[in-house]
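Have a look at the structure below, then the notes.
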Number of protein chains: 2
Amino acid sequence: VAEDAPILQLPARAIPVPASLSPEAQAILALGPLDSGGDYPPLGDLEAWRRMVAEQDERVIALIGGMAAAYPGQSTEIEIKGIRAYEFVPRGWPSDDGRVLLEVHGGGFITGGGELCRLMSTGPARLSGVRTVAVDYRMPPDHPYPASLDDCVGVYGHLVNEHGPEHVIVSGASAGGNLAAALILRARDEGLPLPAAAVLGTPEADLTESGDTFATNLGLDNLLLRSLMPANLLYAGDHELTHPYLSPLFADFTKGFPPTLLTSGTRDLFLSNTVRLHRALRSAGVEAELHVLEAGGHGGFLGQAPEDAALQKEIRGFMGRHWGAA
Amino acid sequence: VAEDAPILQLPARAIPVPASLSPEAQAILALGPLDSGGDYPPLGDLEAWRRMVAEQDERVIALIGGMAAAYPGQSTEIEIKGIRAYEFVPRGWPSDDGRVLLEVHGGGFITGGGELCRLMSTGPARLSGVRTVAVDYRMPPDHPYPASLDDCVGVYGHLVNEHGPEHVIVSGASAGGNLAAALILRARDEGLPLPAAAVLGTPEADLTESGDTFATNLGLDNLLLRSLMPANLLYAGDHELTHPYLSPLFADFTKGFPPTLLTSGTRDLFLSNTVRLHRALRSAGVEAELHVLEAGGHGGFLGQAPEDAALQKEIRGFMGRHWGAA
């Protein structure tokens, strides 16, 4: 920002729940903030980070455990080149169908591992209807960059070898959208083939948080209530936040990137992340489509509104058009 | 909105010009509000409306007259079934090329007619590189709905008869995006064929203004500084704002709509209009793509930033993929 650029002073405002939404979506917004919005620990206090991560994972497991268990199929802990992952095979999945969804979980680079990773893998499996492998990648505070990305690239390399790249779609939301994009970039740079497609849900594409909606949607997003910079710095360690493997927005996409679907919402703190990545992909000639939920925050309507269902149908259709023949 | 729904109270905020933009786009945002944001006249004071329209048209003509004159080609006033229009033929246009862009100008349903319509027709002609017919449709206060739409449908019917629907693309921004969508819907309902495609720039798709960004982006958009409801009511006269010919968002798109490109910006007061229309089209199975400018208001960056140029390239590419062979 230019040092002398004027600052827009916005007065205090009252924002109603918009009538443009379904009753179900209105009910979600009427709940108000969905997170406590507490502060991150000091960067050096690793024990405090571990405690925060454990508490947050427990809270989320209590919330989604029931939902996750409701989708019929077989969840198995597997190991790929020493990397832990969870495979979810939908009930009735034909053993000769080579398609596989590589899912990279979200959670701000610090939460969402272990049992939560296993539980969350049922969501993308249900959405895609396809066998899903969720990487339980290593994370800070104990394993800063590049451990998480190493694990994602390792599993990706295995899956394209086993199944062929035309049968692999990579998906991830939030920090998982960052890692999903970054793993494709690094795999590409290392000579691996591109996957059939990528699905990036409100991706954390720019760890420097330079986007406009980090300011304009602050207080409007009901899930992301603050800057995530402390976690970004913990993740990056000694590495530059602007490196394309840390902030995929800054990559050179003319060197290749698969067809990509991106989603966000008009109240999403990561709306700028998402629309900027979409424009960057399109400007590089990459097939990319953008879908934005009216009044949706970073979590949309938690999968409980018709708006979410319509978007899921869109994503399923996109995957269907991009899978190679089984 | 549910009567008892809680209101989100946002504190006063300072919004910087984001570093995510090109210097040119930052300079546009640094100008602050681009409109005086004065009040509309009382609905019944037609003389005051006429005065406001004349003053506003004059201001815009002074601003864009020079730019418009810079694009080489021949501008001719024509009459189609008694409806005035301006035809712009780019220099060197082959006489046997049947493609034509039907442009519906914006201006909140009240401004942008006459000489301004003629001047503004060079913009879409330059963007598309194609022969352009801009309808100088009748407007309030003297001609409320359905006069404007009648004129647009009349010209459309003529063009599809003369050129074949596969050679006609319909475009419009703001109120022009409303009328462009509405004319396609009415033409379809009257048994006319669909055009090859539609390009809707930040369309005023919902005259009831029920979208969330009418609240959340108020004060952030540098061009639209207030609700446009007085002009909407003047335009609608005795007709319901929710009728699909007045608010195309509420139409049944499963009955048919052409491939559509939609544009908006994250600060656009009409971002909700745009993303809701995009979702409605996609949910009806219509081929539709959405492009959102980072930190862009209703006018983007006035055509002066690389961000605008990239979007124009996107639109040109979309048109090129959808024109029938000449």
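Ordering of the structure tokens sets the chain letters (A, B, ...); residue numbers start at 1 within each chain; ligands are numbered from 1 in the order shown.
With only C-alpha atoms taken into account, the protein and nucleic acid residues at most 10 Å from Ala69 in chain A (excluding it and anything under 6 positions from it in its own chain) are A:Ser75, A:Leu119, A:Met120, A:Thr122.
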Just the selected residues (N, CA, C and O atoms), exported as a compact mmCIF listing (two decimals), in the first residue's frame, please.
```txt
# COMPACT_ATOMS: atom_id res chain seq x y z
N SER A 75 -13.72 -46.81 6.37
CA SER A 75 -12.61 -45.91 6.62
C SER A 75 -11.42 -46.73 7.14
O SER A 75 -11.57 -47.51 8.08
N LEU A 119 -12.36 -38.40 10.34
CA LEU A 119 -13.79 -38.07 10.32
C LEU A 119 -14.13 -37.16 9.14
O LEU A 119 -15.12 -37.35 8.44
N MET A 120 -13.30 -36.14 8.92
CA MET A 120 -13.59 -35.16 7.86
C MET A 120 -13.48 -35.76 6.48
O MET A 120 -14.01 -35.19 5.52
N THR A 122 -14.93 -38.20 5.30
CA THR A 122 -16.21 -38.69 4.79
C THR A 122 -16.95 -37.58 4.01
O THR A 122 -17.74 -37.89 3.12
```
With chain B as the partner and 6 Å as the cut-off, tabulate the residues of chain A that qualify, each row holding the nearest pair of atoms and their distance in Å to one decimal, using only C-alpha atoms, sorted by chain and rising number, as CSV.
```
residue,atom,partner,partner_atom,distance
A:Val1,CA,B:Ala19,CA,4.4
A:Pro6,CA,B:Ala30,CA,6.0
A:Ile7,CA,B:Pro16,CA,4.7
A:Leu8,CA,B:Ile15,CA,4.9
A:Gln9,CA,B:Ala14,CA,4.7
A:Leu10,CA,B:Arg13,CA,5.1
A:Pro11,CA,B:Ala12,CA,4.3
A:Ala12,CA,B:Ala12,CA,3.9
A:Arg13,CA,B:Leu10,CA,5.0
A:Ala14,CA,B:Gln9,CA,4.7
A:Ile15,CA,B:Leu8,CA,4.9
A:Pro16,CA,B:Ile7,CA,4.6
A:Pro18,CA,B:Asp212,CA,5.3
A:Ala19,CA,B:Val1,CA,4.4
A:Ser20,CA,B:Ser210,CA,5.5
A:Ala30,CA,B:Pro6,CA,5.9
A:Ser210,CA,B:Ser20,CA,5.5
A:Gly211,CA,B:Ser20,CA,5.6
A:Asp212,CA,B:Pro18,CA,5.3
A:Ser272,CA,B:Glu294,CA,5.9
A:Val275,CA,B:Val292,CA,6.0
A:Leu290,CA,B:Leu290,CA,5.9
A:Val292,CA,B:Val275,CA,6.0
A:Glu294,CA,B:Ser272,CA,5.9
A:Ala295,CA,B:Asp212,CA,5.9
```
Please produce a file of the residues just selected, as a compact mmCIF listing (two decimals), in the first residue's frame, where the atoms kept are N, CA, C and O atoms.
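Saved the output as again33.txt:
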```
# COMPACT_ATOMS: atom_id res chain seq x y z
N VAL A 1 0.85 -1.20 0.00
CA VAL A 1 0.00 0.00 0.00
C VAL A 1 0.88 1.24 0.00
O VAL A 1 1.83 1.31 0.77
N PRO A 6 -4.95 7.36 0.97
CA PRO A 6 -6.00 7.71 1.94
C PRO A 6 -6.67 6.45 2.48
O PRO A 6 -6.74 5.42 1.82
N ILE A 7 -7.14 6.54 3.70
CA ILE A 7 -7.84 5.44 4.36
C ILE A 7 -9.33 5.73 4.28
O ILE A 7 -9.77 6.84 4.59
N LEU A 8 -10.11 4.75 3.84
CA LEU A 8 -11.55 4.91 3.78
C LEU A 8 -12.12 4.71 5.18
O LEU A 8 -11.92 3.66 5.79
N GLN A 9 -12.79 5.73 5.70
CA GLN A 9 -13.36 5.63 7.05
C GLN A 9 -14.82 5.22 6.96
O GLN A 9 -15.66 5.98 6.49
N LEU A 10 -15.11 4.00 7.38
CA LEU A 10 -16.49 3.51 7.33
C LEU A 10 -17.12 3.69 8.70
O LEU A 10 -16.55 3.28 9.70
N PRO A 11 -18.31 4.27 8.74
CA PRO A 11 -18.99 4.42 10.04
C PRO A 11 -19.50 3.07 10.55
O PRO A 11 -19.54 2.09 9.80
N ALA A 12 -19.87 3.03 11.81
CA ALA A 12 -20.48 1.82 12.38
C ALA A 12 -21.77 1.52 11.63
O ALA A 12 -22.46 2.44 11.17
N ARG A 13 -22.05 0.22 11.46
CA ARG A 13 -23.22 -0.13 10.66
C ARG A 13 -23.97 -1.31 11.26
O ARG A 13 -23.39 -2.14 11.95
N ALA A 14 -25.25 -1.35 10.97
CA ALA A 14 -26.10 -2.47 11.38
C ALA A 14 -26.41 -3.30 10.14
O ALA A 14 -26.97 -2.78 9.17
N ILE A 15 -26.02 -4.56 10.15
CA ILE A 15 -26.18 -5.43 8.97
C ILE A 15 -27.24 -6.49 9.30
O ILE A 15 -27.02 -7.37 10.13
N PRO A 16 -28.39 -6.43 8.64
CA PRO A 16 -29.41 -7.45 8.91
C PRO A 16 -29.08 -8.78 8.24
O PRO A 16 -28.24 -8.84 7.33
N PRO A 18 -29.85 -11.15 5.51
CA PRO A 18 -30.53 -10.78 4.26
C PRO A 18 -31.70 -11.72 3.92
O PRO A 18 -31.62 -12.93 4.12
N ALA A 19 -32.75 -11.11 3.38
CA ALA A 19 -33.94 -11.86 2.96
C ALA A 19 -33.67 -12.69 1.72
O ALA A 19 -34.50 -13.51 1.32
N SER A 20 -32.51 -12.47 1.11
CA SER A 20 -32.18 -13.18 -0.14
C SER A 20 -31.84 -14.64 0.10
O SER A 20 -31.67 -15.39 -0.87
N ALA A 30 -28.10 -16.09 11.68
CA ALA A 30 -28.69 -15.56 12.91
C ALA A 30 -27.98 -16.06 14.16
O ALA A 30 -28.12 -15.48 15.24
N SER A 210 -2.72 -10.01 1.82
CA SER A 210 -2.77 -8.69 1.20
C SER A 210 -4.13 -8.37 0.58
O SER A 210 -4.35 -7.25 0.13
N GLY A 211 -5.04 -9.32 0.53
CA GLY A 211 -6.33 -9.11 -0.13
C GLY A 211 -7.23 -8.13 0.61
O GLY A 211 -7.15 -7.97 1.83
N ASP A 212 -8.10 -7.48 -0.16
CA ASP A 212 -8.98 -6.43 0.36
C ASP A 212 -9.98 -6.96 1.38
O ASP A 212 -10.29 -6.29 2.36
N SER A 272 -11.21 -12.42 -1.29
CA SER A 272 -10.12 -11.87 -2.11
C SER A 272 -9.15 -12.97 -2.51
O SER A 272 -8.73 -13.05 -3.68
N VAL A 275 -11.02 -14.91 -5.41
CA VAL A 275 -11.22 -14.26 -6.71
C VAL A 275 -9.88 -13.89 -7.34
O VAL A 275 -9.73 -13.91 -8.57
N LEU A 290 -15.45 -20.01 -11.03
CA LEU A 290 -15.63 -19.39 -9.72
C LEU A 290 -17.11 -19.44 -9.34
O LEU A 290 -17.97 -19.15 -10.17
N VAL A 292 -19.61 -18.17 -6.04
CA VAL A 292 -19.63 -17.36 -4.82
C VAL A 292 -21.03 -17.43 -4.19
O VAL A 292 -22.02 -17.08 -4.84
N GLU A 294 -23.99 -16.16 -2.05
CA GLU A 294 -24.58 -14.95 -1.48
C GLU A 294 -24.52 -15.01 0.05
O GLU A 294 -24.99 -15.97 0.67
N ALA A 295 -23.90 -13.99 0.65
CA ALA A 295 -23.85 -13.82 2.11
C ALA A 295 -23.13 -14.96 2.84
O ALA A 295 -23.21 -15.04 4.07
```
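When CA of Pro140 in chain A is paired with CA of Leu234 in chain A, their separation reads 6.6 Å.
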**Message:** Counting only C-alpha atoms, which residue out of A:Gly98, A:Pro258, A:Gly297, A:Pro146 sits closest to Thr202 in chain A?
**Reply:** A:Gly297
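By only C-alpha atoms, and with residues fewer than 5 positions from Phe318 in chain B along its chain excluded, the set lying at most 9 Å from it is Ala197, Val199, Thr260, Leu261, Lys313 and Trp323 of chain B.
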Could you write out the selected residues, including N, CA and C atoms, as a compact mmCIF listing (two decimals), in the first residue's frame?
```txt
# COMPACT_ATOMS: atom_id res chain seq x y z
N ALA B 197 -25.21 -15.61 -27.02
CA ALA B 197 -24.66 -15.46 -25.67
C ALA B 197 -25.12 -14.15 -25.08
N VAL B 199 -23.63 -11.08 -22.19
CA VAL B 199 -22.57 -10.57 -21.32
C VAL B 199 -23.19 -9.54 -20.39
N THR B 260 -23.85 -17.33 -20.57
CA THR B 260 -23.78 -15.99 -20.00
C THR B 260 -22.49 -15.79 -19.23
N LEU B 261 -21.87 -14.65 -19.46
CA LEU B 261 -20.72 -14.24 -18.66
C LEU B 261 -21.15 -13.09 -17.76
N LYS B 313 -10.22 -8.84 -21.81
CA LYS B 313 -9.69 -9.95 -22.61
C LYS B 313 -10.53 -11.21 -22.39
N TRP B 323 -19.73 -16.70 -30.72
CA TRP B 323 -20.26 -16.23 -32.00
C TRP B 323 -20.43 -17.42 -32.93
```
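Assigned to strand (DSSP E or B) in range 95-259 of chain B, given DSSP computed from backbone atoms, are Val100, Leu101, Leu102, Glu103, Val104, Thr132, Val133, Ala134, Val135, Val168, Ile169, Val170, Ser171, Gly172, Ala173, Ala197, Ala198, Val199, Leu200 and Gly201 of chain B.
Here CA of His167 in chain B is placed at a distance of 4.5 Å from CA of Arg99 in chain B.
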**Message:** When you look at Ile184 in chain A with a cut-off of 8 Å (counting only C-alpha atoms), what residues show up, excluding the ones that are within fewer than 5 positions of it in the same chain? I need them as a PyMOL selection string.
**Reply:** chain A and resi 153+194-195+257
**Prompt:** Using only C-alpha atoms, which residues sit within 6 Å of range 239-250 of chain A once same-chain residues fewer than 5 positions away are excluded, as a PyMOL selection string?
**Reply:** chain A and resi 182+205-207+277
Take the residues from that selection and put them in a file with all heavy atoms, as an mmCIF file, in the first residue's frame.
```cif
data_model
loop_
_atom_site.group_PDB
_atom_site.id
_atom_site.type_symbol
_atom_site.label_atom_id
_atom_site.label_comp_id
_atom_site.auth_asym_id
_atom_site.auth_seq_id
_atom_site.Cartn_x
_atom_site.Cartn_y
_atom_site.Cartn_z
ATOM 1 N N ALA A 182 -0.586 -25.857 -3.730
ATOM 2 C CA ALA A 182 0.876 -25.894 -3.608
ATOM 3 C C ALA A 182 1.425 -27.264 -4.007
ATOM 4 O O ALA A 182 2.488 -27.355 -4.635
ATOM 5 C CB ALA A 182 1.291 -25.547 -2.177
ATOM 6 N N ALA A 205 -4.911 -18.713 -0.300
ATOM 7 C CA ALA A 205 -3.933 -18.682 -1.378
ATOM 8 C C ALA A 205 -2.785 -17.712 -1.130
ATOM 9 O O ALA A 205 -1.747 -17.806 -1.767
ATOM 10 C CB ALA A 205 -4.631 -18.320 -2.699
ATOM 11 N N ASP A 206 -2.987 -16.758 -0.229
ATOM 12 C CA ASP A 206 -2.003 -15.690 -0.014
ATOM 13 C C ASP A 206 -1.748 -15.552 1.484
ATOM 14 O O ASP A 206 -2.515 -14.903 2.199
ATOM 15 C CB ASP A 206 -2.542 -14.375 -0.607
ATOM 16 C CG ASP A 206 -1.697 -13.167 -0.226
ATOM 17 O OD1 ASP A 206 -0.548 -13.346 0.236
ATOM 18 O OD2 ASP A 206 -2.196 -12.032 -0.383
ATOM 19 N N LEU A 207 -0.652 -16.134 1.956
ATOM 20 C CA LEU A 207 -0.369 -16.095 3.398
ATOM 21 C C LEU A 207 0.065 -14.716 3.870
ATOM 22 O O LEU A 207 0.127 -14.468 5.072
ATOM 23 C CB LEU A 207 0.697 -17.143 3.759
ATOM 24 C CG LEU A 207 0.279 -18.606 3.573
ATOM 25 C CD1 LEU A 207 1.329 -19.543 4.178
ATOM 26 C CD2 LEU A 207 -1.085 -18.891 4.182
ATOM 27 N N LEU A 277 -7.079 -15.657 -7.027
ATOM 28 C CA LEU A 277 -6.531 -16.890 -7.597
ATOM 29 C C LEU A 277 -7.271 -17.247 -8.885
ATOM 30 O O LEU A 277 -6.650 -17.674 -9.875
ATOM 31 C CB LEU A 277 -6.624 -18.027 -6.569
ATOM 32 C CG LEU A 277 -6.019 -19.367 -6.982
ATOM 33 C CD1 LEU A 277 -4.565 -19.220 -7.409
ATOM 34 C CD2 LEU A 277 -6.125 -20.394 -5.852
#
```
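The space between CA of Leu302 in chain B and CA of His298 in chain A spans 29.7 Å.
Contact shell of Glu47 in chain B at 9 Å (only C-alpha atoms; same-chain neighbours under 4 positions omitted): Arg51, Met52 and Pro141 of chain B.
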**Backbone DSSP call of alpha helix (DSSP H) for range 217-262 of chain A, listed as a list in words** = Met229, Pro230, Ala231, Asn232, Leu233, Leu234, Tyr235 and Ala236 of chain A
**Complete:** Among A:Gly92, A:Gly107, A:Gly38, A:Gly123, Gly303 in chain A is approached most closely, using only C-alpha atoms, by A:Gly123
Do a neighbour search on Thr132 in chain B at 6 Å with only C-alpha atoms, toss out local chain neighbours closer than 4 positions, and write the hits as an mmCIF file with C-alpha atoms, in the first residue's frame.
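The result, written out as result-v1.cif:
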```
data_model
loop_
_atom_site.group_PDB
_atom_site.id
_atom_site.type_symbol
_atom_site.label_atom_id
_atom_site.label_comp_id
_atom_site.auth_asym_id
_atom_site.auth_seq_id
_atom_site.Cartn_x
_atom_site.Cartn_y
_atom_site.Cartn_z
ATOM 1 C CA GLU B 87 -24.884 1.604 -34.992
ATOM 2 C CA PHE B 88 -21.114 1.568 -34.661
ATOM 3 C CA VAL B 100 -23.622 -7.973 -34.340
ATOM 4 C CA LEU B 101 -23.430 -6.997 -30.682
ATOM 5 C CA LEU B 102 -26.686 -5.674 -29.250
ATOM 6 C CA ALA B 125 -17.618 -2.024 -30.082
#
```
